[in-house]
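File shown: run.pdb (PDB, C-alpha atoms, pLDDT in the B column).
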ATOM      1  CA  MET A 286       0.000   0.000   0.000  1.00 86.00           C
ATOM      2  CA  GLU A 287       1.249   3.517  -0.814  1.00 89.00           C
ATOM      3  CA  THR A 288       2.535   5.811   1.910  1.00 93.00           C
ATOM      4  CA  ALA A 289      -0.296   8.299   1.361  1.00 94.00           C
ATOM      5  CA  GLU A 290      -2.915   5.541   1.713  1.00 95.00           C
ATOM      6  CA  LEU A 291      -1.251   4.129   4.846  1.00 95.00           C
ATOM      7  CA  ALA A 292      -1.151   7.583   6.400  1.00 95.00           C
ATOM      8  CA  LYS A 293      -4.949   7.778   6.075  1.00 96.00           C
ATOM      9  CA  ILE A 294      -5.641   4.550   7.960  1.00 95.00           C
ATOM     10  CA  GLN A 295      -7.518   4.826  11.228  1.00 95.00           C
ATOM     11  CA  ALA A 296      -6.452   1.686  13.079  1.00 97.00           C
ATOM     12  CA  ALA A 297      -8.894   0.031  15.460  1.00 97.00           C
ATOM     13  CA  LYS A 298      -6.011  -0.412  17.874  1.00 97.00           C
ATOM     14  CA  VAL A 299      -2.629   1.300  18.116  1.00 97.00           C
ATOM     15  CA  VAL A 300       0.040  -0.511  20.084  1.00 97.00           C
ATOM     16  CA  ASP A 301       3.083   1.381  21.282  1.00 97.00           C
ATOM     17  CA  ALA A 302       5.822  -1.275  21.539  1.00 97.00           C
ATOM     18  CA  ARG A 303       8.679   1.217  21.286  1.00 96.00           C
ATOM     19  CA  GLY A 304      10.015   0.404  24.725  1.00 88.00           C
ATOM     20  CA  THR A 305      10.703  -3.213  23.855  1.00 91.00           C
ATOM     21  CA  ALA A 306      12.896  -5.141  21.435  1.00 89.00           C
ATOM     22  CA  CYS A 307      12.100  -8.389  19.631  1.00 90.00           C
ATOM     23  CA  PRO A 308      10.112 -10.482  20.483  1.00 92.00           C
ATOM     24  CA  GLY A 309       8.190  -7.771  22.358  1.00 93.00           C
ATOM     25  CA  PRO A 310       6.604  -6.059  19.324  1.00 96.00           C
ATOM     26  CA  LEU A 311       5.615  -9.427  17.838  1.00 95.00           C
ATOM     27  CA  LEU A 312       3.940 -10.534  21.072  1.00 93.00           C
ATOM     28  CA  GLU A 313       2.197  -7.149  21.339  1.00 95.00           C
ATOM     29  CA  ALA A 314       0.969  -7.511  17.753  1.00 96.00           C
ATOM     30  CA  LYS A 315      -0.387 -10.998  18.475  1.00 95.00           C
ATOM     31  CA  LYS A 316      -2.224  -9.716  21.542  1.00 95.00           C
ATOM     32  CA  ALA A 317      -3.601  -6.669  19.725  1.00 97.00           C
ATOM     33  CA  ILE A 318      -4.866  -8.585  16.700  1.00 97.00           C
ATOM     34  CA  GLY A 319      -6.884 -10.807  19.026  1.00 96.00           C
ATOM     35  CA  ALA A 320      -8.474  -7.732  20.547  1.00 97.00           C
ATOM     36  CA  VAL A 321      -9.957  -6.287  17.333  1.00 98.00           C
ATOM     37  CA  PRO A 322     -12.747  -7.749  15.152  1.00 98.00           C
ATOM     38  CA  VAL A 323     -11.926  -9.589  11.904  1.00 98.00           C
ATOM     39  CA  GLY A 324     -11.486  -7.030   9.127  1.00 97.00           C
ATOM     40  CA  GLN A 325     -10.124  -4.361  11.458  1.00 98.00           C
ATOM     41  CA  THR A 326      -6.592  -2.975  11.374  1.00 98.00           C
ATOM     42  CA  ILE A 327      -3.956  -2.767  14.075  1.00 98.00           C
ATOM     43  CA  GLU A 328      -1.040  -0.353  14.020  1.00 98.00           C
ATOM     44  CA  VAL A 329       2.148  -1.389  15.830  1.00 98.00           C
ATOM     45  CA  TRP A 330       4.823   1.132  16.727  1.00 98.00           C
ATOM     46  CA  SER A 331       8.320  -0.292  17.069  1.00 97.00           C
ATOM     47  CA  GLY A 332      11.801   1.131  17.364  1.00 95.00           C
ATOM     48  CA  ASP A 333      13.356  -2.284  16.681  1.00 95.00           C
ATOM     49  CA  PRO A 334      14.416  -2.327  12.995  1.00 94.00           C
ATOM     50  CA  SER A 335      13.547  -6.036  12.736  1.00 95.00           C
ATOM     51  CA  THR A 336       9.845  -5.529  13.356  1.00 96.00           C
ATOM     52  CA  LYS A 337       9.070  -4.104   9.909  1.00 96.00           C
ATOM     53  CA  ASN A 338      10.526  -7.305   8.405  1.00 96.00           C
ATOM     54  CA  ASP A 339       9.109  -9.677  11.014  1.00 96.00           C
ATOM     55  CA  LEU A 340       5.458  -8.628  10.992  1.00 97.00           C
ATOM     56  CA  PRO A 341       4.870  -9.157   7.238  1.00 97.00           C
ATOM     57  CA  ARG A 342       6.283 -12.690   7.565  1.00 96.00           C
ATOM     58  CA  TRP A 343       4.231 -13.359  10.691  1.00 96.00           C
ATOM     59  CA  ALA A 344       1.059 -12.034   9.037  1.00 97.00           C
ATOM     60  CA  ALA A 345       1.597 -14.163   5.928  1.00 96.00           C
ATOM     61  CA  LYS A 346       2.273 -17.246   8.046  1.00 94.00           C
ATOM     62  CA  VAL A 347      -0.717 -16.971  10.362  1.00 95.00           C
ATOM     63  CA  GLY A 348      -3.190 -15.623   7.794  1.00 96.00           C
ATOM     64  CA  HIS A 349      -3.546 -11.870   8.307  1.00 98.00           C
ATOM     65  CA  ASP A 350      -2.929  -9.070   5.772  1.00 98.00           C
ATOM     66  CA  TYR A 351       0.124  -6.896   6.072  1.00 98.00           C
ATOM     67  CA  LEU A 352      -0.628  -3.480   4.586  1.00 97.00           C
ATOM     68  CA  GLY A 353       2.743  -1.775   4.932  1.00 97.00           C
ATOM     69  CA  ALA A 354       4.813   0.412   7.218  1.00 97.00           C
ATOM     70  CA  LEU A 355       5.459   4.107   7.647  1.00 97.00           C
ATOM     71  CA  VAL A 356       8.709   5.540   8.936  1.00 97.00           C
ATOM     72  CA  ALA A 357       8.151   7.904  11.849  1.00 97.00           C
ATOM     73  CA  ASP A 358      10.634   9.783  14.002  1.00 96.00           C
ATOM     74  CA  GLY A 359      12.924   6.997  15.214  1.00 94.00           C
ATOM     75  CA  TYR A 360      10.354   4.219  14.905  1.00 97.00           C
ATOM     76  CA  ASP A 361       8.184   2.352  12.377  1.00 97.00           C
ATOM     77  CA  ARG A 362       4.372   2.287  12.185  1.00 98.00           C
ATOM     78  CA  ILE A 363       3.294  -1.117  10.904  1.00 98.00           C
ATOM     79  CA  PHE A 364      -0.252  -1.914   9.721  1.00 98.00           C
ATOM     80  CA  VAL A 365      -1.874  -5.361   9.783  1.00 98.00           C
ATOM     81  CA  VAL A 366      -5.500  -6.353   9.103  1.00 98.00           C
ATOM     82  CA  ARG A 367      -7.046  -9.184  11.108  1.00 98.00           C
ATOM     83  CA  ARG A 368      -8.346 -11.812   8.641  1.00 97.00           C
ATOM     84  CA  LYS A 369      -9.408 -14.721  10.839  1.00 95.00           C
TER
ATOM     85  CA  MET B 147      11.164 -26.496  -5.095  1.00 84.00           C
ATOM     86  CA  ALA B 148      14.679 -26.163  -3.732  1.00 93.00           C
ATOM     87  CA  GLN B 149      15.409 -27.574  -0.308  1.00 97.00           C
ATOM     88  CA  LYS B 150      16.183 -25.029   2.381  1.00 98.00           C
ATOM     89  CA  MET B 151      18.908 -24.788   5.000  1.00 98.00           C
ATOM     90  CA  LEU B 152      18.797 -22.416   7.946  1.00 98.00           C
ATOM     91  CA  ILE B 153      21.932 -21.799  10.018  1.00 98.00           C
ATOM     92  CA  PHE B 154      21.898 -20.129  13.438  1.00 98.00           C
ATOM     93  CA  CYS B 155      25.197 -18.277  13.952  1.00 98.00           C
ATOM     94  CA  GLY B 156      25.561 -17.300  17.595  1.00 98.00           C
ATOM     95  CA  SER B 157      29.321 -17.158  18.115  1.00 98.00           C
ATOM     96  CA  ASP B 158      32.363 -15.232  16.913  1.00 98.00           C
ATOM     97  CA  GLU B 159      34.719 -17.920  18.174  1.00 98.00           C
ATOM     98  CA  PRO B 160      36.596 -19.003  15.002  1.00 98.00           C
ATOM     99  CA  THR B 161      35.836 -22.717  15.287  1.00 97.00           C
ATOM    100  CA  LYS B 162      32.130 -21.837  15.506  1.00 98.00           C
ATOM    101  CA  ALA B 163      32.102 -18.843  13.144  1.00 98.00           C
ATOM    102  CA  PHE B 164      33.619 -20.652  10.143  1.00 98.00           C
ATOM    103  CA  PRO B 165      31.613 -23.914   9.918  1.00 97.00           C
ATOM    104  CA  PRO B 166      28.333 -22.154   9.078  1.00 98.00           C
ATOM    105  CA  PHE B 167      30.014 -20.760   5.971  1.00 97.00           C
ATOM    106  CA  MET B 168      31.740 -24.021   5.070  1.00 96.00           C
ATOM    107  CA  LEU B 169      28.470 -25.931   5.289  1.00 96.00           C
ATOM    108  CA  GLY B 170      26.376 -23.073   3.935  1.00 96.00           C
ATOM    109  CA  SER B 171      28.504 -22.712   0.814  1.00 95.00           C
ATOM    110  CA  GLY B 172      28.134 -26.464   0.348  1.00 94.00           C
ATOM    111  CA  ALA B 173      24.376 -26.132   0.640  1.00 96.00           C
ATOM    112  CA  LEU B 174      24.365 -23.447  -2.064  1.00 95.00           C
ATOM    113  CA  ALA B 175      26.574 -25.654  -4.253  1.00 93.00           C
ATOM    114  CA  THR B 176      23.958 -28.404  -4.013  1.00 91.00           C
ATOM    115  CA  GLU B 177      21.287 -25.897  -5.027  1.00 94.00           C
ATOM    116  CA  MET B 178      19.725 -25.463  -1.633  1.00 96.00           C
ATOM    117  CA  GLU B 179      18.391 -22.087  -0.528  1.00 98.00           C
ATOM    118  CA  LEU B 180      20.392 -20.765   2.403  1.00 98.00           C
ATOM    119  CA  THR B 181      19.369 -18.452   5.239  1.00 98.00           C
ATOM    120  CA  MET B 182      21.864 -17.458   7.936  1.00 98.00           C
ATOM    121  CA  PHE B 183      20.644 -15.883  11.176  1.00 98.00           C
ATOM    122  CA  PHE B 184      23.213 -13.937  13.213  1.00 98.00           C
ATOM    123  CA  THR B 185      22.635 -13.169  16.857  1.00 98.00           C
ATOM    124  CA  MET B 186      24.556 -12.539  20.095  1.00 97.00           C
ATOM    125  CA  LYS B 187      28.319 -12.695  19.450  1.00 98.00           C
ATOM    126  CA  GLY B 188      27.614 -14.099  15.994  1.00 98.00           C
ATOM    127  CA  LEU B 189      26.674 -10.527  15.056  1.00 98.00           C
ATOM    128  CA  ASN B 190      30.387  -9.690  15.062  1.00 98.00           C
ATOM    129  CA  ILE B 191      30.663 -11.740  11.854  1.00 98.00           C
ATOM    130  CA  VAL B 192      28.382  -9.318  10.000  1.00 98.00           C
ATOM    131  CA  ARG B 193      29.612  -6.163  11.713  1.00 98.00           C
ATOM    132  CA  GLU B 194      31.619  -3.804   9.449  1.00 98.00           C
ATOM    133  CA  GLY B 195      35.264  -4.829   9.966  1.00 97.00           C
ATOM    134  CA  GLY B 196      34.323  -7.723  12.234  1.00 98.00           C
ATOM    135  CA  ALA B 197      34.915 -10.748   9.980  1.00 98.00           C
ATOM    136  CA  GLU B 198      38.482  -9.581   9.256  1.00 98.00           C
ATOM    137  CA  LYS B 199      39.322 -10.045  12.932  1.00 98.00           C
ATOM    138  CA  ILE B 200      38.034 -13.623  13.143  1.00 98.00           C
ATOM    139  CA  LEU B 201      40.889 -15.789  11.973  1.00 98.00           C
ATOM    140  CA  LEU B 202      41.123 -19.537  11.569  1.00 97.00           C
ATOM    141  CA  PRO B 203      44.558 -20.691  10.364  1.00 96.00           C
ATOM    142  CA  GLY B 204      44.195 -23.647   8.033  1.00 94.00           C
ATOM    143  CA  ALA B 205      40.722 -22.716   6.822  1.00 93.00           C
ATOM    144  CA  PRO B 206      40.345 -22.800   3.029  1.00 91.00           C
ATOM    145  CA  MET B 207      39.243 -19.142   2.839  1.00 94.00           C
ATOM    146  CA  THR B 208      39.156 -16.098   5.098  1.00 97.00           C
ATOM    147  CA  LEU B 209      35.843 -15.217   6.680  1.00 97.00           C
ATOM    148  CA  PRO B 210      35.326 -12.161   4.408  1.00 97.00           C
ATOM    149  CA  GLN B 211      35.902 -14.457   1.408  1.00 96.00           C
ATOM    150  CA  PHE B 212      33.340 -16.909   2.767  1.00 97.00           C
ATOM    151  CA  ILE B 213      30.851 -14.080   3.282  1.00 97.00           C
ATOM    152  CA  ARG B 214      31.324 -12.998  -0.343  1.00 97.00           C
ATOM    153  CA  THR B 215      30.867 -16.591  -1.489  1.00 95.00           C
ATOM    154  CA  VAL B 216      27.524 -17.085   0.235  1.00 97.00           C
ATOM    155  CA  ARG B 217      26.344 -13.618  -0.728  1.00 96.00           C
ATOM    156  CA  ASP B 218      27.174 -14.348  -4.371  1.00 95.00           C
ATOM    157  CA  GLY B 219      25.106 -17.513  -3.970  1.00 95.00           C
ATOM    158  CA  ASP B 220      22.119 -15.404  -2.894  1.00 96.00           C
ATOM    159  CA  ALA B 221      22.114 -16.523   0.726  1.00 97.00           C
ATOM    160  CA  LYS B 222      19.755 -14.515   2.871  1.00 97.00           C
ATOM    161  CA  MET B 223      21.683 -13.010   5.799  1.00 98.00           C
ATOM    162  CA  ILE B 224      19.652 -11.836   8.759  1.00 98.00           C
ATOM    163  CA  ALA B 225      20.861  -9.927  11.819  1.00 98.00           C
ATOM    164  CA  CYS B 226      18.958 -10.087  15.093  1.00 96.00           C
ATOM    165  CA  SER B 227      18.560  -6.433  16.048  1.00 94.00           C
ATOM    166  CA  ALA B 228      17.360  -7.273  19.557  1.00 93.00           C
ATOM    167  CA  ALA B 229      20.910  -8.410  20.328  1.00 95.00           C
ATOM    168  CA  PHE B 230      22.539  -5.213  18.996  1.00 95.00           C
ATOM    169  CA  PRO B 231      22.743  -3.603  22.465  1.00 93.00           C
ATOM    170  CA  ILE B 232      24.240  -6.798  23.881  1.00 95.00           C
ATOM    171  CA  VAL B 233      27.238  -6.582  21.548  1.00 96.00           C
ATOM    172  CA  GLY B 234      27.267  -2.786  21.308  1.00 96.00           C
ATOM    173  CA  MET B 235      26.323  -2.241  17.684  1.00 96.00           C
ATOM    174  CA  LYS B 236      23.740  -0.501  15.512  1.00 94.00           C
ATOM    175  CA  GLU B 237      21.938  -1.269  12.251  1.00 94.00           C
ATOM    176  CA  GLU B 238      24.329   1.010  10.339  1.00 96.00           C
ATOM    177  CA  ASP B 239      27.308  -1.112  11.507  1.00 97.00           C
ATOM    178  CA  LEU B 240      26.079  -4.070   9.425  1.00 98.00           C
ATOM    179  CA  ILE B 241      27.949  -5.022   6.282  1.00 97.00           C
ATOM    180  CA  GLU B 242      26.143  -4.705   2.957  1.00 95.00           C
ATOM    181  CA  GLY B 243      23.507  -7.281   2.129  1.00 94.00           C
ATOM    182  CA  VAL B 244      22.453  -8.078   5.692  1.00 97.00           C
ATOM    183  CA  GLU B 245      18.908  -7.261   6.781  1.00 96.00           C
ATOM    184  CA  CYS B 246      17.428  -7.080  10.262  1.00 96.00           C
ATOM    185  CA  GLY B 247      15.059  -9.793  11.389  1.00 96.00           C
ATOM    186  CA  GLY B 248      13.652 -11.101  14.614  1.00 95.00           C
ATOM    187  CA  VAL B 249      11.999 -14.046  16.264  1.00 95.00           C
ATOM    188  CA  ALA B 250       9.202 -14.304  13.685  1.00 96.00           C
ATOM    189  CA  THR B 251      11.688 -14.380  10.825  1.00 96.00           C
ATOM    190  CA  PHE B 252      13.763 -17.085  12.499  1.00 96.00           C
ATOM    191  CA  VAL B 253      10.842 -19.255  13.598  1.00 97.00           C
ATOM    192  CA  ILE B 254       9.146 -19.161  10.204  1.00 96.00           C
ATOM    193  CA  ALA B 255      12.437 -19.885   8.421  1.00 97.00           C
ATOM    194  CA  ALA B 256      12.931 -22.827  10.804  1.00 97.00           C
ATOM    195  CA  GLN B 257       9.439 -24.163  10.085  1.00 97.00           C
ATOM    196  CA  GLU B 258      10.045 -24.000   6.361  1.00 97.00           C
ATOM    197  CA  ALA B 259      13.607 -25.337   6.400  1.00 98.00           C
ATOM    198  CA  ASP B 260      14.540 -28.913   5.570  1.00 98.00           C
ATOM    199  CA  VAL B 261      17.733 -28.591   7.605  1.00 98.00           C
ATOM    200  CA  VAL B 262      18.468 -26.337  10.591  1.00 98.00           C
ATOM    201  CA  LEU B 263      21.996 -26.116  11.998  1.00 98.00           C
ATOM    202  CA  THR B 264      23.072 -24.220  15.094  1.00 98.00           C
ATOM    203  CA  PHE B 265      26.515 -22.949  16.016  1.00 97.00           C
TER
END
Kindly transcribe the structure held in the file into structure tokens.
Amino acid sequence: METAELAKIQAAKVVDARGTACPGPLLEAKKAIGAVPVGQTIEVWSGDPSTKNDLPRWAAKVGHDYLGALVADGYDRIFVVRRK
Amino acid sequence: MAQKMLIFCGSDEPTKAFPPFMLGSGALATEMELTMFFTMKGLNIVREGGAEKILLPGAPMTLPQFIRTVRDGDAKMIACSAAFPIVGMKEEDLIEGVECGGVATFVIAAQEADVVLTF
């Protein structure tokens, strides 16, 4: 998804995992996706540079949709849609 | 589909830092897909200037030569960023061609691999 489109997304849940390194952001994402209805989007904030590569792989493996990531000031904003 | 090998590289001790490349280059030669995951002191292998300091007399190649060999064979090289603070490094200290990855990347690669080796 394009940066401009991602920037418009209103996530159902925003998780600030900036204080934690891997596997913290992954575990936060797993918890958050279970807390929103199917079809809704979560936004995970992470300062760990691995997270933007990890979450697309996790989403593909477990059956959610990875939309993309935005670079913010010292962290990444990563968007995933719950699909099951 | 090509068979896959995943190698966990967790040490910069020469007798543990070299075998992943010896076996990994062999895997590439037999047309396997290779992923190497570097964490803890193994990160020193993929730190700028780090491989040059890890010496193993009698090895067929230097570590930088081995790195070039597997990179030329399209090995995927992944650095565990969560361990950066443990060894005192940053993403920008990584040599070219290495990407950051975490637990999800490793676990999924392990699930999909035909062979997993740990050093």
Taking the file as I've supplied it (selection: the PyMOL selection byres ((chain A and resi 358) around 12)), which residues are included? Please answer as an mmCIF file with C-alpha atoms, in the coordinates of the input.
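What ended up in selection-v5.cif:
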data_model
loop_
_atom_site.group_PDB
_atom_site.id
_atom_site.type_symbol
_atom_site.label_atom_id
_atom_site.label_comp_id
_atom_site.auth_asym_id
_atom_site.auth_seq_id
_atom_site.Cartn_x
_atom_site.Cartn_y
_atom_site.Cartn_z
ATOM 1 C CA ARG A 303 8.679 1.217 21.286
ATOM 2 C CA TRP A 330 4.823 1.132 16.727
ATOM 3 C CA SER A 331 8.320 -0.292 17.069
ATOM 4 C CA GLY A 332 11.801 1.131 17.364
ATOM 5 C CA LEU A 355 5.459 4.107 7.647
ATOM 6 C CA VAL A 356 8.709 5.540 8.936
ATOM 7 C CA ALA A 357 8.151 7.904 11.849
ATOM 8 C CA GLY A 359 12.924 6.997 15.214
ATOM 9 C CA TYR A 360 10.354 4.219 14.905
ATOM 10 C CA ASP A 361 8.184 2.352 12.377
ATOM 11 C CA ARG A 362 4.372 2.287 12.185
#
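Nearest-residue note for A:Glu313: choosing from A:Lys298, A:His349, A:Arg368, A:Lys293, the minimum distance belongs to A:Lys298, counting only C-alpha atoms.
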- prompt: Any idea which chain A residues end up within 7 Å of chain B if we count all atoms listed in the file, as a PyMOL selection string please?
  reply: chain A and resi 306-308+333-336+338-339+342-343
Store the residues picked out above in a file with C-alpha atoms, as a compact mmCIF listing (two decimals), in the coordinates of the input.
# COMPACT_ATOMS: atom_id res chain seq x y z
CA ALA A 306 12.90 -5.14 21.44
CA CYS A 307 12.10 -8.39 19.63
CA PRO A 308 10.11 -10.48 20.48
CA ASP A 333 13.36 -2.28 16.68
CA PRO A 334 14.42 -2.33 13.00
CA SER A 335 13.55 -6.04 12.74
CA THR A 336 9.85 -5.53 13.36
CA ASN A 338 10.53 -7.30 8.40
CA ASP A 339 9.11 -9.68 11.01
CA ARG A 342 6.28 -12.69 7.56
CA TRP A 343 4.23 -13.36 10.69
message: Counting only C-alpha atoms, which residues have an atom no more than 9 Å from (-4.1, -9.9, 15.4) in the file's coordinates? Please list them as a PyMOL selection string.
response: chain A and resi 314-323+326-327+344+349+365-369
- request: Using atom CA of B:Glu242 and atom CA of B:Met178 as the two end points, give the distance in Å to one decimal.
  value: 22.2 Å
Which neighbours of B:Asp239 fall inside 10 Å, counting all atoms listed in the file, when residues of the same chain fewer than 6 positions from it are skipped, and could you give them as a CSV table (one decimal) with C-alpha atoms, keeping the file's coordinate frame?
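out-v8.csv was written with the following content:
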chain,number,residue,atom,x,y,z
B,190,ASN,CA,30.4,-9.7,15.1
B,192,VAL,CA,28.4,-9.3,10.0
B,193,ARG,CA,29.6,-6.2,11.7
B,194,GLU,CA,31.6,-3.8,9.4
B,195,GLY,CA,35.3,-4.8,10.0
B,196,GLY,CA,34.3,-7.7,12.2
B,230,PHE,CA,22.5,-5.2,19.0
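By chain and then residue number, the residues within 9 Å of A:Leu352 are Met286, Leu291, Pro341, Asp350, Ala354, Ile363, Phe364, Val365 and Val366 of chain A, counting all atoms listed in the file and disregarding those fewer than 2 positions away in sequence.
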statement: Closest of B:Leu209, B:Ile241, B:Ile191, B:Leu169 to B:Leu152, counting all atoms listed in the file, is B:Leu169
message: Using the chain letters and numbers from this file, what does the PyMOL selection byres ((chain B and resi 154) around 10) select? Give the answer as a list of chain:residue names.
response: B:Leu152, B:Ile153, B:Cys155, B:Gly156, B:Ser157, B:Pro166, B:Thr181, B:Met182, B:Phe183, B:Phe184, B:Thr185, B:Gly188, B:Ile224, B:Phe252, B:Ala256, B:Val262, B:Leu263, B:Thr264, B:Phe265
Those selected residues, please, written with C-alpha atoms and delivered as a PDB file, in the frame of the given file.
ATOM      1  CA  LEU B 152      18.797 -22.416   7.946  1.00 98.00           C
ATOM      2  CA  ILE B 153      21.932 -21.799  10.018  1.00 98.00           C
ATOM      3  CA  CYS B 155      25.197 -18.277  13.952  1.00 98.00           C
ATOM      4  CA  GLY B 156      25.561 -17.300  17.595  1.00 98.00           C
ATOM      5  CA  SER B 157      29.321 -17.158  18.115  1.00 98.00           C
ATOM      6  CA  PRO B 166      28.333 -22.154   9.078  1.00 98.00           C
ATOM      7  CA  THR B 181      19.369 -18.452   5.239  1.00 98.00           C
ATOM      8  CA  MET B 182      21.864 -17.458   7.936  1.00 98.00           C
ATOM      9  CA  PHE B 183      20.644 -15.883  11.176  1.00 98.00           C
ATOM     10  CA  PHE B 184      23.213 -13.937  13.213  1.00 98.00           C
ATOM     11  CA  THR B 185      22.635 -13.169  16.857  1.00 98.00           C
ATOM     12  CA  GLY B 188      27.614 -14.099  15.994  1.00 98.00           C
ATOM     13  CA  ILE B 224      19.652 -11.836   8.759  1.00 98.00           C
ATOM     14  CA  PHE B 252      13.763 -17.085  12.499  1.00 96.00           C
ATOM     15  CA  ALA B 256      12.931 -22.827  10.804  1.00 97.00           C
ATOM     16  CA  VAL B 262      18.468 -26.337  10.591  1.00 98.00           C
ATOM     17  CA  LEU B 263      21.996 -26.116  11.998  1.00 98.00           C
ATOM     18  CA  THR B 264      23.072 -24.220  15.094  1.00 98.00           C
ATOM     19  CA  PHE B 265      26.515 -22.949  16.016  1.00 97.00           C
TER      20      PHE B 265
END
- prompt: From the list B:Gln257, B:Ala163, B:Ala148, B:Leu180, which residue is nearest B:Glu198 when using only C-alpha atoms?
  reply: B:Ala163
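Nearest-residue note for A:Val300: choosing from A:Lys337, A:Glu328, A:Glu287, A:Gly348, the minimum distance belongs to A:Glu328, counting only C-alpha atoms.
Note that atom CA of B:Arg217 and atom CA of B:Thr176 are 15.3 Å apart.
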Because the input lacks atoms here, generate N, CA and C atoms for stretch 322-341 of chain A and report them as a CSV table (one decimal), in the frame of the given file.
chain,number,residue,atom,x,y,z
A,322,PRO,N,-11.9,-6.8,16.0
A,322,PRO,CA,-12.7,-7.7,15.2
A,322,PRO,C,-12.1,-8.1,13.8
A,323,VAL,N,-12.4,-9.2,13.2
A,323,VAL,CA,-11.9,-9.6,11.9
A,323,VAL,C,-12.3,-8.5,10.9
A,324,GLY,N,-11.3,-8.1,10.1
A,324,GLY,CA,-11.5,-7.0,9.1
A,324,GLY,C,-10.9,-5.7,9.6
A,325,GLN,N,-10.7,-5.6,10.9
A,325,GLN,CA,-10.1,-4.4,11.5
A,325,GLN,C,-8.6,-4.4,11.4
A,326,THR,N,-8.0,-3.2,11.5
A,326,THR,CA,-6.6,-3.0,11.4
A,326,THR,C,-5.9,-2.6,12.7
A,327,ILE,N,-4.8,-3.2,12.9
A,327,ILE,CA,-4.0,-2.8,14.1
A,327,ILE,C,-2.7,-2.0,13.5
A,328,GLU,N,-2.2,-1.1,14.4
A,328,GLU,CA,-1.0,-0.4,14.0
A,328,GLU,C,0.0,-0.6,15.1
A,329,VAL,N,1.1,-1.1,14.8
A,329,VAL,CA,2.1,-1.4,15.8
A,329,VAL,C,3.3,-0.4,15.7
A,330,TRP,N,3.7,0.2,16.8
A,330,TRP,CA,4.8,1.1,16.7
A,330,TRP,C,6.0,0.4,17.3
A,331,SER,N,7.1,0.4,16.6
A,331,SER,CA,8.3,-0.3,17.1
A,331,SER,C,9.6,0.5,16.7
A,332,GLY,N,10.5,0.5,17.6
A,332,GLY,CA,11.8,1.1,17.4
A,332,GLY,C,12.8,0.1,17.0
A,333,ASP,N,12.5,-1.2,17.0
A,333,ASP,CA,13.4,-2.3,16.7
A,333,ASP,C,13.3,-2.5,15.1
A,334,PRO,N,14.4,-2.3,14.5
A,334,PRO,CA,14.4,-2.3,13.0
A,334,PRO,C,14.0,-3.7,12.4
A,335,SER,N,14.0,-4.7,13.2
A,335,SER,CA,13.5,-6.0,12.7
A,335,SER,C,12.0,-6.1,12.6
A,336,THR,N,11.3,-5.3,13.3
A,336,THR,CA,9.8,-5.5,13.4
A,336,THR,C,9.2,-5.3,12.0
A,337,LYS,N,9.7,-4.3,11.2
A,337,LYS,CA,9.1,-4.1,9.9
A,337,LYS,C,9.3,-5.3,8.9
A,338,ASN,N,10.3,-6.1,9.2
A,338,ASN,CA,10.5,-7.3,8.4
A,338,ASN,C,9.8,-8.5,9.0
A,339,ASP,N,9.7,-8.5,10.3
A,339,ASP,CA,9.1,-9.7,11.0
A,339,ASP,C,7.6,-9.7,10.8
A,340,LEU,N,6.9,-8.6,11.0
A,340,LEU,CA,5.5,-8.6,11.0
A,340,LEU,C,4.9,-9.0,9.6
A,341,PRO,N,5.4,-8.6,8.5
A,341,PRO,CA,4.9,-9.2,7.2
A,341,PRO,C,5.0,-10.7,7.2
